[in-house]
$ cat final_18.cif   # mmCIF, C-alpha atoms and all ligand atoms
data_input
loop_
_atom_site.label_atom_id
_atom_site.label_comp_id
_atom_site.auth_asym_id
_atom_site.auth_seq_id
_atom_site.Cartn_x
_atom_site.Cartn_y
_atom_site.Cartn_z
CA MET N 1 -12.01 80.02 86.88
CA LYS N 2 -13.82 79.16 90.12
CA VAL N 3 -12.65 75.55 89.82
CA LEU N 4 -9.05 76.77 89.43
CA ILE N 5 -9.37 78.96 92.51
CA GLY N 6 -10.81 75.98 94.38
CA LEU N 7 -7.92 73.76 93.26
CA LYS N 8 -5.36 76.39 94.24
CA GLN N 9 -6.98 76.66 97.65
CA LEU N 10 -6.92 72.90 98.02
CA ILE N 11 -3.27 72.57 96.99
CA GLY N 12 -2.35 75.43 99.32
CA VAL N 13 -4.06 73.82 102.27
CA LEU N 14 -2.48 70.45 101.54
CA LEU N 15 1.02 71.98 101.34
CA LEU N 16 0.47 73.90 104.56
CA PHE N 17 -0.84 70.74 106.09
CA ILE N 18 2.29 68.72 105.23
CA VAL N 19 4.77 71.42 106.29
CA LEU N 20 3.09 72.16 109.60
CA THR N 21 2.45 68.53 110.36
CA THR N 22 6.14 67.74 109.95
CA SER N 23 7.25 70.61 112.19
CA ALA N 24 4.55 69.88 114.77
CA GLN N 25 5.57 66.24 114.93
CA ASN N 26 9.19 67.12 115.61
CA ASP N 27 8.35 69.76 118.14
CA GLY N 28 5.62 67.77 119.83
CA PHE N 29 7.70 64.68 120.23
CA SER N 30 10.74 66.41 121.64
CA THR N 31 8.54 68.11 124.20
CA PHE N 32 6.96 64.83 125.04
CA SER N 33 10.17 62.93 125.50
CA GLU N 34 11.84 65.60 127.57
CA ASP N 35 9.07 66.75 129.83
CA SER N 36 6.24 64.31 129.98
CA ILE N 37 7.89 61.13 131.00
CA VAL N 38 9.98 60.54 134.05
CA LYS N 39 12.30 57.71 133.27
CA LYS N 40 12.90 56.16 136.64
CA SER N 41 14.87 53.09 135.83
CA GLN N 42 18.53 53.83 135.26
CA SER N 43 18.88 50.42 133.68
CA ALA N 44 16.82 51.46 130.70
CA ASN N 45 19.18 52.02 127.83
CA SER N 46 18.63 54.26 124.86
CA SER N 47 17.61 51.47 122.51
CA GLU N 48 14.85 50.45 124.87
CA PHE N 49 13.65 53.99 125.01
CA ASP N 50 13.78 54.28 121.23
CA GLU N 51 11.63 51.20 120.99
CA PHE N 52 9.15 52.79 123.33
CA SER N 53 9.08 56.07 121.52
CA GLU N 54 8.41 54.41 118.20
CA SER N 55 5.51 52.38 119.49
CA GLU N 56 2.07 52.83 118.03
CA GLU N 57 0.85 54.95 120.87
CA PHE N 58 3.52 57.57 120.53
CA SER N 59 4.59 57.80 116.95
CA GLY N 60 5.09 61.46 116.11
CA ASP N 61 1.96 62.47 117.93
CA ASN N 62 1.76 66.07 118.94
CA GLU N 63 -1.12 65.20 121.27
CA PHE N 64 1.61 64.19 123.61
CA ASN N 65 2.96 67.55 124.55
CA SER N 66 3.54 67.56 128.27
CA ASP N 67 0.30 69.33 129.01
CA GLU N 68 -1.68 66.92 126.88
CA PHE N 69 -0.36 63.78 128.35
CA GLU N 70 -2.87 63.45 131.10
CA SER N 71 -5.69 64.44 128.88
CA ASP N 72 -7.37 63.08 125.79
CA GLU N 73 -5.60 59.86 125.05
CA PHE N 74 -5.54 58.77 128.63
CA SER N 75 -8.89 59.92 129.85
CA GLY N 76 -10.51 57.06 131.58
CA GLY N 77 -7.54 55.14 130.34
CA ASP N 78 -5.63 54.07 133.38
CA ALA N 79 -5.46 50.67 131.82
CA GLU N 80 -3.71 52.17 128.83
CA PHE N 81 -1.29 53.99 131.03
CA SER N 82 -0.43 50.92 133.04
CA GLU N 83 0.86 49.35 129.84
CA PHE N 84 3.78 51.71 130.13
CA SER N 85 4.59 50.78 133.66
CA GLU N 86 5.49 47.31 132.61
CA GLY N 87 8.75 46.10 131.16
CA ASP N 88 12.21 47.51 131.61
CA VAL N 89 11.27 51.16 131.56
CA THR N 90 9.23 52.31 134.51
CA LEU N 91 7.28 55.45 133.91
CA GLU N 92 5.14 57.56 136.12
CA LYS N 93 2.39 60.04 135.40
CA PRO N 94 3.66 63.58 135.07
CA PRO N 95 2.22 66.09 137.50
CA VAL N 96 -1.09 67.55 136.40
CA SER N 97 -0.41 70.46 134.08
CA TYR N 98 -2.54 73.57 133.92
CA ASN N 99 -1.46 74.29 130.37
CA ARG N 100 -4.42 72.48 128.89
CA ALA N 101 -6.77 74.55 131.03
CA TYR N 102 -5.09 77.76 129.85
CA TRP N 103 -5.48 76.70 126.24
CA ALA N 104 -9.15 75.89 126.80
CA LEU N 105 -9.70 79.30 128.38
CA ALA N 106 -7.92 80.97 125.46
CA ILE N 107 -10.25 79.17 123.02
CA LEU N 108 -13.27 80.29 125.02
CA LEU N 109 -12.12 83.92 124.88
CA TYR N 110 -11.42 83.53 121.16
CA THR N 111 -14.97 82.24 120.68
CA ILE N 112 -16.46 85.15 122.63
CA LEU N 113 -14.49 87.55 120.45
CA ALA N 114 -15.86 85.78 117.37
CA GLY N 115 -19.36 86.05 118.83
CA ILE N 116 -18.94 89.82 118.96
CA PHE N 117 -17.29 90.05 115.54
CA VAL N 118 -20.10 88.20 113.75
CA ARG N 119 -22.52 90.97 114.65
CA PHE N 120 -20.78 93.66 112.62
CA ASN N 121 -20.40 93.82 108.85
CA PHE N 122 -16.76 94.77 108.86
CA THR N 123 -15.47 92.33 111.48
CA ARG N 124 -17.52 89.50 110.00
CA LYS N 125 -15.10 89.46 107.08
CA LEU N 126 -12.38 88.26 109.42
CA ARG N 127 -13.92 84.80 109.78
CA PRO N 128 -11.55 83.08 107.29
CA LEU N 129 -8.62 84.43 109.31
CA PHE N 130 -10.12 83.12 112.54
CA LEU N 131 -10.55 79.70 110.96
CA LEU N 132 -7.05 79.71 109.50
CA ALA N 133 -5.50 80.70 112.83
CA THR N 134 -7.34 77.97 114.73
CA LEU N 135 -6.45 75.40 112.06
CA VAL N 136 -2.76 76.30 112.11
CA ILE N 137 -2.28 76.77 115.85
CA LEU N 138 -4.72 74.33 117.43
CA GLY N 139 -4.83 71.87 114.57
CA PHE N 140 -1.54 71.43 112.77
CA TYR N 141 0.81 72.87 115.36
CA ARG N 142 -0.68 71.81 118.66
CA GLY N 143 -3.18 69.07 117.89
CA GLY N 144 -5.77 70.12 120.44
CA PRO N 145 -7.43 70.54 122.78
CA GLY N 146 -10.28 69.16 120.70
CA ILE N 147 -13.95 69.67 121.34
CA ILE N 148 -15.02 66.07 120.73
CA SER N 149 -12.50 64.72 123.22
CA SER N 150 -13.59 67.36 125.69
CA LEU N 151 -17.24 66.35 125.30
CA GLN N 152 -16.36 62.71 125.94
CA ASN N 153 -14.11 63.61 128.85
CA THR N 154 -17.00 65.57 130.33
CA TYR N 155 -19.26 62.55 130.13
CA LEU N 156 -16.58 60.33 131.69
CA TYR N 157 -16.14 62.96 134.40
CA ILE N 158 -19.88 62.89 135.13
CA ILE N 159 -19.97 59.10 135.42
CA GLY N 160 -16.83 59.10 137.56
CA PHE N 161 -14.16 57.80 135.20
CA ASN N 162 -12.20 60.97 134.60
CA ASP N 163 -10.84 63.20 137.34
CA LYS N 164 -8.99 65.66 135.12
CA TRP N 165 -10.98 68.86 135.25
CA GLN N 166 -8.68 70.45 132.68
CA THR N 167 -10.16 68.19 130.02
CA ILE N 168 -13.75 69.34 130.51
CA ILE N 169 -13.33 73.11 130.61
CA LEU N 170 -13.60 73.55 126.85
CA PHE N 171 -16.90 71.74 126.43
CA LEU N 172 -18.52 73.09 129.59
CA GLY N 173 -17.35 76.63 128.85
CA LEU N 174 -18.83 76.50 125.36
CA LEU N 175 -22.32 75.72 126.66
CA PRO N 176 -23.00 79.22 128.10
CA ILE N 177 -21.07 80.84 125.26
CA THR N 178 -23.31 79.06 122.75
CA TYR N 179 -26.33 80.24 124.72
CA PHE N 180 -25.23 83.87 124.51
CA PHE N 181 -23.65 83.86 121.03
CA GLY N 182 -25.05 80.86 119.12
CA LYS N 183 -22.89 78.12 117.59
CA VAL N 184 -20.17 80.64 116.90
CA PHE N 185 -17.49 78.19 118.01
CA CYS N 186 -18.45 75.95 115.08
CA GLY N 187 -18.38 78.78 112.57
CA TRP N 188 -15.24 80.55 113.74
CA ALA N 189 -13.06 78.64 116.18
CA CYS N 190 -13.24 74.87 115.62
CA TYR N 191 -10.26 73.53 113.70
CA LEU N 192 -12.20 70.38 112.81
CA GLY N 193 -14.77 72.51 111.03
CA ALA N 194 -12.00 74.62 109.48
CA ILE N 195 -10.31 71.61 107.84
CA GLN N 196 -13.58 70.61 106.20
CA GLU N 197 -14.45 74.12 105.15
CA PHE N 198 -11.09 74.82 103.49
CA LEU N 199 -11.32 71.58 101.54
CA TYR N 200 -14.80 72.27 100.17
CA ILE N 201 -14.77 73.18 96.45
CA GLY N 202 -18.51 73.82 96.31
CA LYS N 203 -19.37 72.47 92.88
CA VAL N 204 -21.80 69.72 93.80
CA LYS N 205 -25.10 70.49 95.45
CA ILE N 206 -26.35 67.51 97.39
CA LEU N 207 -28.06 66.96 100.74
CA GLN N 208 -29.47 70.48 100.74
CA THR N 209 -33.18 69.93 101.31
CA GLU N 210 -34.95 70.16 104.62
CA LYS N 211 -35.58 66.40 104.45
CA ALA N 212 -31.86 65.73 104.03
CA GLN N 213 -31.22 67.99 106.99
CA LYS N 214 -33.62 65.94 109.10
CA VAL N 215 -32.05 62.64 108.03
CA MET N 216 -28.55 63.93 108.83
CA ARG N 217 -29.70 65.05 112.25
CA ILE N 218 -31.17 61.61 112.92
CA ILE N 219 -27.84 60.04 111.89
CA ARG N 220 -26.05 62.35 114.34
CA ILE N 221 -28.46 61.45 117.13
CA VAL N 222 -27.89 57.73 116.49
CA ILE N 223 -24.10 58.25 116.50
CA PHE N 224 -24.42 60.30 119.67
CA ALA N 225 -26.39 57.48 121.35
CA ILE N 226 -23.81 54.90 120.24
CA LEU N 227 -21.03 57.12 121.57
CA ILE N 228 -22.68 57.42 124.98
CA ILE N 229 -23.18 53.65 125.14
CA GLN N 230 -19.55 53.05 124.12
CA LEU N 231 -18.27 55.47 126.76
CA THR N 232 -20.50 53.97 129.44
CA VAL N 233 -19.46 50.41 128.67
CA ALA N 234 -15.77 50.79 127.74
CA LYS N 235 -15.03 53.87 129.89
CA MET N 236 -12.41 55.01 127.43
CA ILE N 237 -12.30 57.31 124.44
CA LEU N 238 -12.20 55.15 121.35
CA TRP N 239 -12.30 58.32 119.26
CA ASN N 240 -8.62 58.91 119.96
CA LYS N 241 -7.73 55.62 118.32
CA ILE N 242 -9.67 56.06 115.08
CA GLY N 243 -10.75 59.72 114.84
CA PRO N 244 -9.92 60.90 111.31
CA PHE N 245 -8.89 64.39 112.42
CA LYS N 246 -6.16 63.07 114.65
CA VAL N 247 -4.88 61.05 111.71
CA ALA N 248 -5.12 64.14 109.50
CA ILE N 249 -3.10 66.19 111.94
CA ASN N 250 -0.43 63.55 112.54
CA LEU N 251 -0.49 61.74 109.20
CA PHE N 252 -0.41 58.62 111.33
CA SER N 253 -2.93 56.09 112.59
CA PRO N 254 -2.23 53.07 114.76
CA ASN N 255 -4.77 51.13 112.73
CA ILE N 256 -6.24 50.96 109.24
CA THR N 257 -9.64 52.30 110.39
CA GLY N 258 -8.09 55.72 111.02
CA TYR N 259 -6.78 55.92 107.44
CA ILE N 260 -10.07 54.76 105.95
CA LEU N 261 -12.03 57.35 107.95
CA LEU N 262 -9.52 60.03 106.96
CA ALA N 263 -10.00 59.17 103.28
CA VAL N 264 -13.79 59.31 103.70
CA LEU N 265 -13.50 62.66 105.49
CA LEU N 266 -11.19 64.25 102.91
CA ILE N 267 -13.11 63.07 99.86
CA SER N 268 -16.54 63.89 101.26
CA SER N 269 -15.33 67.32 102.41
CA LEU N 270 -14.45 68.19 98.81
CA PHE N 271 -18.07 67.83 97.72
CA ILE N 272 -20.19 68.33 100.84
CA HIS N 273 -19.81 71.41 103.01
CA ARG N 274 -18.68 70.21 106.45
CA PRO N 275 -19.95 66.62 106.14
CA PHE N 276 -18.60 65.61 109.54
CA CYS N 277 -20.36 68.55 111.22
CA LYS N 278 -23.61 67.71 109.48
CA MET N 279 -23.65 63.95 109.93
CA VAL N 280 -21.43 62.97 112.82
CA CYS N 281 -20.32 65.59 115.32
CA PRO N 282 -21.89 65.07 118.75
CA ALA N 283 -20.65 68.44 120.00
CA GLY N 284 -22.36 70.32 117.17
CA LEU N 285 -25.55 68.39 117.92
CA VAL N 286 -25.48 69.37 121.60
CA PHE N 287 -24.70 73.01 120.78
CA GLY N 288 -27.68 73.00 118.40
CA TRP N 289 -30.01 71.95 121.21
CA ILE N 290 -29.05 75.07 123.13
CA SER N 291 -30.83 77.23 120.54
CA LYS N 292 -34.12 75.75 121.79
CA ILE N 293 -33.66 77.20 125.27
CA PRO N 294 -35.68 80.39 125.91
CA GLY N 295 -33.45 83.44 125.72
CA ALA N 296 -30.74 81.69 123.67
CA SER N 297 -29.05 83.65 120.91
CA ILE N 298 -30.51 82.81 117.50
CA LEU N 299 -30.74 84.42 114.10
CA GLY N 300 -34.05 86.13 113.50
CA ILE N 301 -35.58 88.35 110.87
CA ASP N 302 -37.52 91.56 110.85
CA ASN N 303 -40.74 90.49 109.18
CA THR N 304 -41.54 93.98 108.03
CA LYS N 305 -38.46 94.13 105.84
CA CYS N 306 -37.87 90.70 104.31
CA THR N 307 -38.63 90.67 100.58
CA GLY N 308 -38.51 86.89 100.23
CA CYS N 309 -35.66 87.12 97.73
CA LYS N 310 -33.99 83.97 99.14
CA THR N 311 -30.49 85.34 98.64
CA CYS N 312 -29.78 84.26 102.18
CA SER N 313 -30.60 80.61 101.49
CA THR N 314 -28.27 80.62 98.49
CA SER N 315 -25.46 82.02 100.60
CA CYS N 316 -25.86 79.52 103.45
CA LYS N 317 -23.41 76.71 102.71
CA ILE N 318 -24.28 74.85 105.87
CA ASN N 319 -27.87 74.60 104.57
CA ALA N 320 -29.31 75.95 107.76
CA ILE N 321 -31.63 77.90 105.45
CA THR N 322 -33.37 75.20 103.46
CA ARG N 323 -35.76 75.71 100.62
CA ASP N 324 -39.18 74.20 100.61
CA ASN N 325 -41.32 74.72 97.52
CA LYS N 326 -42.67 78.08 98.54
CA VAL N 327 -40.70 79.17 101.55
CA SER N 328 -37.24 79.09 103.08
CA LYS N 329 -36.68 78.04 106.66
CA LEU N 330 -33.81 79.09 108.84
CA ASP N 331 -32.98 76.40 111.36
CA ASN N 332 -30.94 77.77 114.25
CA GLN N 333 -30.05 74.28 115.46
CA GLU N 334 -27.90 73.92 112.35
CA CYS N 335 -26.76 77.54 111.99
CA ILE N 336 -23.05 77.96 112.78
CA MET N 337 -23.19 81.76 113.00
CA CYS N 338 -20.87 82.22 110.04
CA GLY N 339 -22.74 85.43 109.22
CA ASP N 340 -22.85 84.88 105.43
CA CYS N 341 -26.62 85.28 105.26
CA MET N 342 -26.45 88.51 107.27
CA SER N 343 -23.90 89.91 104.85
CA SER N 344 -25.85 88.80 101.78
CA CYS N 345 -29.24 90.21 102.80
CA ASN N 346 -29.77 93.48 100.96
CA VAL N 347 -32.25 94.84 103.47
CA LYS N 348 -30.15 93.72 106.45
CA THR N 349 -33.06 92.06 108.15
CA ILE N 350 -31.24 89.02 109.52
CA LYS N 351 -29.79 89.75 112.93
CA THR N 352 -28.97 87.99 116.16
CA ARG N 353 -31.93 87.90 118.51
CA ARG N 354 -33.14 86.01 121.56
CA ASN N 355 -35.26 82.90 121.35
CA GLY N 356 -38.64 83.83 122.76
CA LYS N 357 -42.24 84.46 121.87
CA LYS N 358 -41.36 86.58 118.87
CA HIS N 359 -38.44 84.60 117.50
CA LYS N 360 -38.28 80.82 117.61
CA GLU N 361 -35.39 78.54 116.94
CA LYS N 362 -36.79 77.90 113.47
CA ILE N 363 -38.00 80.81 111.37
CA VAL N 364 -39.75 80.97 108.01
CA LEU N 365 -38.77 83.45 105.32
CA LYS N 366 -41.77 84.11 103.10
CA GLY N 367 -41.44 87.66 102.00
CA ILE N 368 -42.87 90.94 103.14
CA LYS N 369 -46.57 90.34 102.44
CA ASN N 370 -47.19 86.94 103.87
CA LEU N 371 -44.24 86.35 106.12
CA ASN N 372 -44.94 84.57 109.38
CA ILE N 373 -42.72 83.72 112.24
CA LYS N 374 -43.50 80.25 113.55
S1 LIG N 401 -20.05 70.59 114.41
FE1 LIG N 401 -18.37 69.69 115.62
S2 LIG N 401 -16.66 69.48 114.18
FE2 LIG N 401 -18.15 70.84 113.27
S3 LIG N 401 -17.45 72.86 113.79
FE3 LIG N 401 -18.96 72.28 115.37
S4 LIG N 401 -17.79 71.32 117.01
FE4 LIG N 401 -16.43 71.45 115.22
S1 LIG N 402 -33.98 87.64 104.91
FE1 LIG N 402 -33.03 89.07 103.45
S2 LIG N 402 -31.93 87.76 101.95
FE2 LIG N 402 -33.35 86.45 103.10
S3 LIG N 402 -35.21 86.34 101.86
FE3 LIG N 402 -35.50 88.03 103.34
S4 LIG N 402 -34.74 89.85 102.27
FE4 LIG N 402 -33.97 88.10 101.12
S1 LIG N 403 -28.05 80.66 108.62
FE1 LIG N 403 -26.40 79.79 107.39
S2 LIG N 403 -25.39 81.55 106.41
FE2 LIG N 403 -26.65 82.34 108.11
S3 LIG N 403 -25.20 82.47 109.82
FE3 LIG N 403 -26.27 80.49 109.97
S4 LIG N 403 -24.95 79.05 108.89
FE4 LIG N 403 -24.27 81.09 108.31
#
$ encode --input "final_18.cif" --output "structure tokens"
Amino acid sequence: MKVLIGLKQLIGVLLLFIVLTTSAQNDGFSTFSEDSIVKKSQSANSSEFDEFSESEEFSGDNEFNSDEFESDEFSGGDAEFSEFSEGDVTLEKPPVSYNRAYWALAILLYTILAGIFVRFNFTRKLRPLFLLATLVILGFYRGGPGIISSLQNTYLYIIGFNDKWQTIILFLGLLPITYFFGKVFCGWACYLGAIQEFLYIGKVKILQTEKAQKVMRIIRIVIFAILIIQLTVAKMILWNKIGPFKVAINLFSPNITGYILLAVLLISSLFIHRPFCKMVCPAGLVFGWISKIPGASILGIDNTKCTGCKTCSTSCKINAITRDNKVSKLDNQECIMCGDCMSSCNVKTIKTRRNGKKHKEKIVLKGIKNLNIK
């Protein structure tokens, strides 16, 4: 029965995915062609423009709404833009739009709301709706702004190769929000996480030990280092060319790598809960580091109440609560503040707390008699 429910969920998401992708492509492209580009040369005829619009860079890509044009794809990418100044059609950059900044601010407010909702039993149940809304609106319909692009834009901004402040608001704004609310953006408001979570059918249990968690974090750190080197050297966001989520949203990739990565993402997401979050995402890695800062919001337990039943570790699909032989450990660097463990704990001892002397970023659940807090 559970398998059937999982399959129904999967088919539903795929259908929604196709319908919304089609409508978003139509809508996104018409917006792009009408508003984003100023066609200066009167000599350019319609066939020339058609040729342009069907090129690899622009095929049905809802990233190219007018407000997006100056952002992700072109960050640090003046060279890319100059490609379009050549030939018969002369184009110029549209004026800087504030729309992207408004969307980033809306996502930040949405995340703060989620950070409040996760603290209460009743509102915690709304998390699937939050994820669905972000997937539909930011993912399928709008195609951004995305957190990984924002992180990379922020780095390019710091090293002087991006002057578009609108592209960095999302990442920078999430840093203090993560400090005050934990990685609630990951658990409630990230459409990249939502895609993976809705695909997960939860039958196979792999990569769940603490050792696996460590290895996956090392992989993420290595990928993060490679990303920083790539950005420093190339000064452009390669992610936008091959990122599997962009391909998933648009059903289009300018190269075969995008399709291969999409296939890897979709298949792995069926069997591993949020594989991209666990093994790749640089933003999730950075947000996890924030839990180490004194005073940061973390999950903690009341050591006078815990019975050591380990129900919480069973309920944690992200495997932030990993089982060792005798104890379970809750690692706040991995925790996405989904709230499932809080809901599952019969004695309601897991709550949000502040990182400090009493509660550290990693806690050990041993049971009432011999429970320690590291
Ligand atoms: S880890 Fe990255 S992809 Fe996953 S939910 Fe967080 S920000 Fe999104
Ligand atoms: S925190 Fe709650 S669910 Fe987890 S082991 Fe302790 S009593 Fe059980
Ligand atoms: S420890 Fe796991 S179940 Fe609990 S809030 Fe964090 S991710 Fe969710």
$ residues_near_ligand --input "final_18.cif" --ligand "ligand LIG 403 (chain N)" --cutoff "10 Å" --atoms "only C-alpha atoms and all ligand atoms" --output "VMD selection string"
chain N and resid 118 182 to 184 186 to 187 298 to 300 312 to 322 329 to 345 350 to 352
$ atom_distance --input "final_18.cif" --atom1 "atom CA of N:Tyr110" --atom2 "atom CA of N:Ile195"
17.9 Å
$ residues_near_ligand --input "final_18.cif" --ligand "ligand LIG 401 (chain N)" --cutoff "9 Å" --atoms "all atoms listed in the file" --output "ChimeraX atom specification"
/N:146-148,183-194,196,274-285,287-288,334,336
$ residues_near_point --input "final_18.cif" --point "(-16.8, 69.5, 102.6)" --cutoff "6 Å" --atoms "only C-alpha atoms" --output "ChimeraX atom specification"
/N:196-197,199-200,268-275
$ write_last_selection --input "final_18.cif" --atoms "C-alpha atoms" --output "PDB file, in the frame of the given file"
ATOM      1  CA  GLN N 196     -13.580  70.610 106.200  1.00  0.00           C
ATOM      2  CA  GLU N 197     -14.450  74.120 105.150  1.00  0.00           C
ATOM      3  CA  LEU N 199     -11.320  71.580 101.540  1.00  0.00           C
ATOM      4  CA  TYR N 200     -14.800  72.270 100.170  1.00  0.00           C
ATOM      5  CA  SER N 268     -16.540  63.890 101.260  1.00  0.00           C
ATOM      6  CA  SER N 269     -15.330  67.320 102.410  1.00  0.00           C
ATOM      7  CA  LEU N 270     -14.450  68.190  98.810  1.00  0.00           C
ATOM      8  CA  PHE N 271     -18.070  67.830  97.720  1.00  0.00           C
ATOM      9  CA  ILE N 272     -20.190  68.330 100.840  1.00  0.00           C
ATOM     10  CA  HIS N 273     -19.810  71.410 103.010  1.00  0.00           C
ATOM     11  CA  ARG N 274     -18.680  70.210 106.450  1.00  0.00           C
ATOM     12  CA  PRO N 275     -19.950  66.620 106.140  1.00  0.00           C
TER      13      PRO N 275
END
$ atom_distance --input "final_18.cif" --atom1 "atom CA of N:Val347" --atom2 "atom CA of N:Lys310"
11.8 Å
$ atom_distance --input "final_18.cif" --atom1 "atom CA of N:Thr111" --atom2 "atom CA of N:Ile177"
7.8 Å
$ axis_aligned_box --input "final_18.cif" --around "ligand LIG 402 (chain N)" --padding-each-side "4 Å" --output "JSON"
{"center_x": -33.7, "center_y": 88.1, "center_z": 103.0, "size_x": 11.6, "size_y": 11.5, "size_z": 11.8}
$ closest_residue --input "final_18.cif" --among "N:Leu113, N:Thr123, N:Gly356, N:Gly160" --to "N:Met236" --atoms "only C-alpha atoms"
N:Gly160
$ closest_residue --input "final_18.cif" --among "N:Lys164, N:Ile206, N:Ile301, N:Thr311" --to "N:Ile363" --atoms "only C-alpha atoms"
N:Ile301
$ closest_residue --input "final_18.cif" --among "N:Tyr155, N:Trp103, N:Phe122, N:Phe140" --to "N:Ala248" --atoms "all atoms listed in the file"
N:Phe140
$ build_atoms --input "final_18.cif" --residues "stretch 298-309 of chain N" --atoms "N, CA and C atoms" --output "PDB file, in the frame of the given file"
ATOM      1  N   ILE N 298     -30.186  83.446 118.787  1.00  0.00           N
ATOM      2  CA  ILE N 298     -30.510  82.810 117.500  1.00  0.00           C
ATOM      3  C   ILE N 298     -30.478  83.884 116.422  1.00  0.00           C
ATOM      4  N   LEU N 299     -30.564  83.456 115.175  1.00  0.00           N
ATOM      5  CA  LEU N 299     -30.740  84.420 114.100  1.00  0.00           C
ATOM      6  C   LEU N 299     -32.231  84.623 113.876  1.00  0.00           C
ATOM      7  N   GLY N 300     -32.642  85.846 113.763  1.00  0.00           N
ATOM      8  CA  GLY N 300     -34.050  86.130 113.500  1.00  0.00           C
ATOM      9  C   GLY N 300     -34.158  87.167 112.401  1.00  0.00           C
ATOM     10  N   ILE N 301     -35.383  87.358 111.930  1.00  0.00           N
ATOM     11  CA  ILE N 301     -35.580  88.350 110.870  1.00  0.00           C
ATOM     12  C   ILE N 301     -36.625  89.375 111.282  1.00  0.00           C
ATOM     13  N   ASP N 302     -36.509  90.524 110.675  1.00  0.00           N
ATOM     14  CA  ASP N 302     -37.520  91.560 110.850  1.00  0.00           C
ATOM     15  C   ASP N 302     -38.576  91.335 109.768  1.00  0.00           C
ATOM     16  N   ASN N 303     -39.745  90.875 110.189  1.00  0.00           N
ATOM     17  CA  ASN N 303     -40.740  90.490 109.180  1.00  0.00           C
ATOM     18  C   ASN N 303     -41.376  91.655 108.441  1.00  0.00           C
ATOM     19  N   THR N 304     -41.019  92.842 108.800  1.00  0.00           N
ATOM     20  CA  THR N 304     -41.540  93.980 108.030  1.00  0.00           C
ATOM     21  C   THR N 304     -40.603  94.363 106.888  1.00  0.00           C
ATOM     22  N   LYS N 305     -39.436  93.739 106.863  1.00  0.00           N
ATOM     23  CA  LYS N 305     -38.460  94.130 105.840  1.00  0.00           C
ATOM     24  C   LYS N 305     -38.142  93.045 104.812  1.00  0.00           C
ATOM     25  N   CYS N 306     -38.271  91.788 105.205  1.00  0.00           N
ATOM     26  CA  CYS N 306     -37.870  90.700 104.310  1.00  0.00           C
ATOM     27  C   CYS N 306     -38.669  90.748 103.004  1.00  0.00           C
ATOM     28  N   THR N 307     -37.969  90.628 101.890  1.00  0.00           N
ATOM     29  CA  THR N 307     -38.630  90.670 100.580  1.00  0.00           C
ATOM     30  C   THR N 307     -38.838  89.272 100.001  1.00  0.00           C
ATOM     31  N   GLY N 308     -38.364  88.265 100.725  1.00  0.00           N
ATOM     32  CA  GLY N 308     -38.510  86.890 100.230  1.00  0.00           C
ATOM     33  C   GLY N 308     -37.613  86.578  99.057  1.00  0.00           C
ATOM     34  N   CYS N 309     -36.526  87.303  98.902  1.00  0.00           N
ATOM     35  CA  CYS N 309     -35.660  87.120  97.730  1.00  0.00           C
ATOM     36  C   CYS N 309     -34.865  85.820  97.771  1.00  0.00           C
TER      37      CYS N 309
END
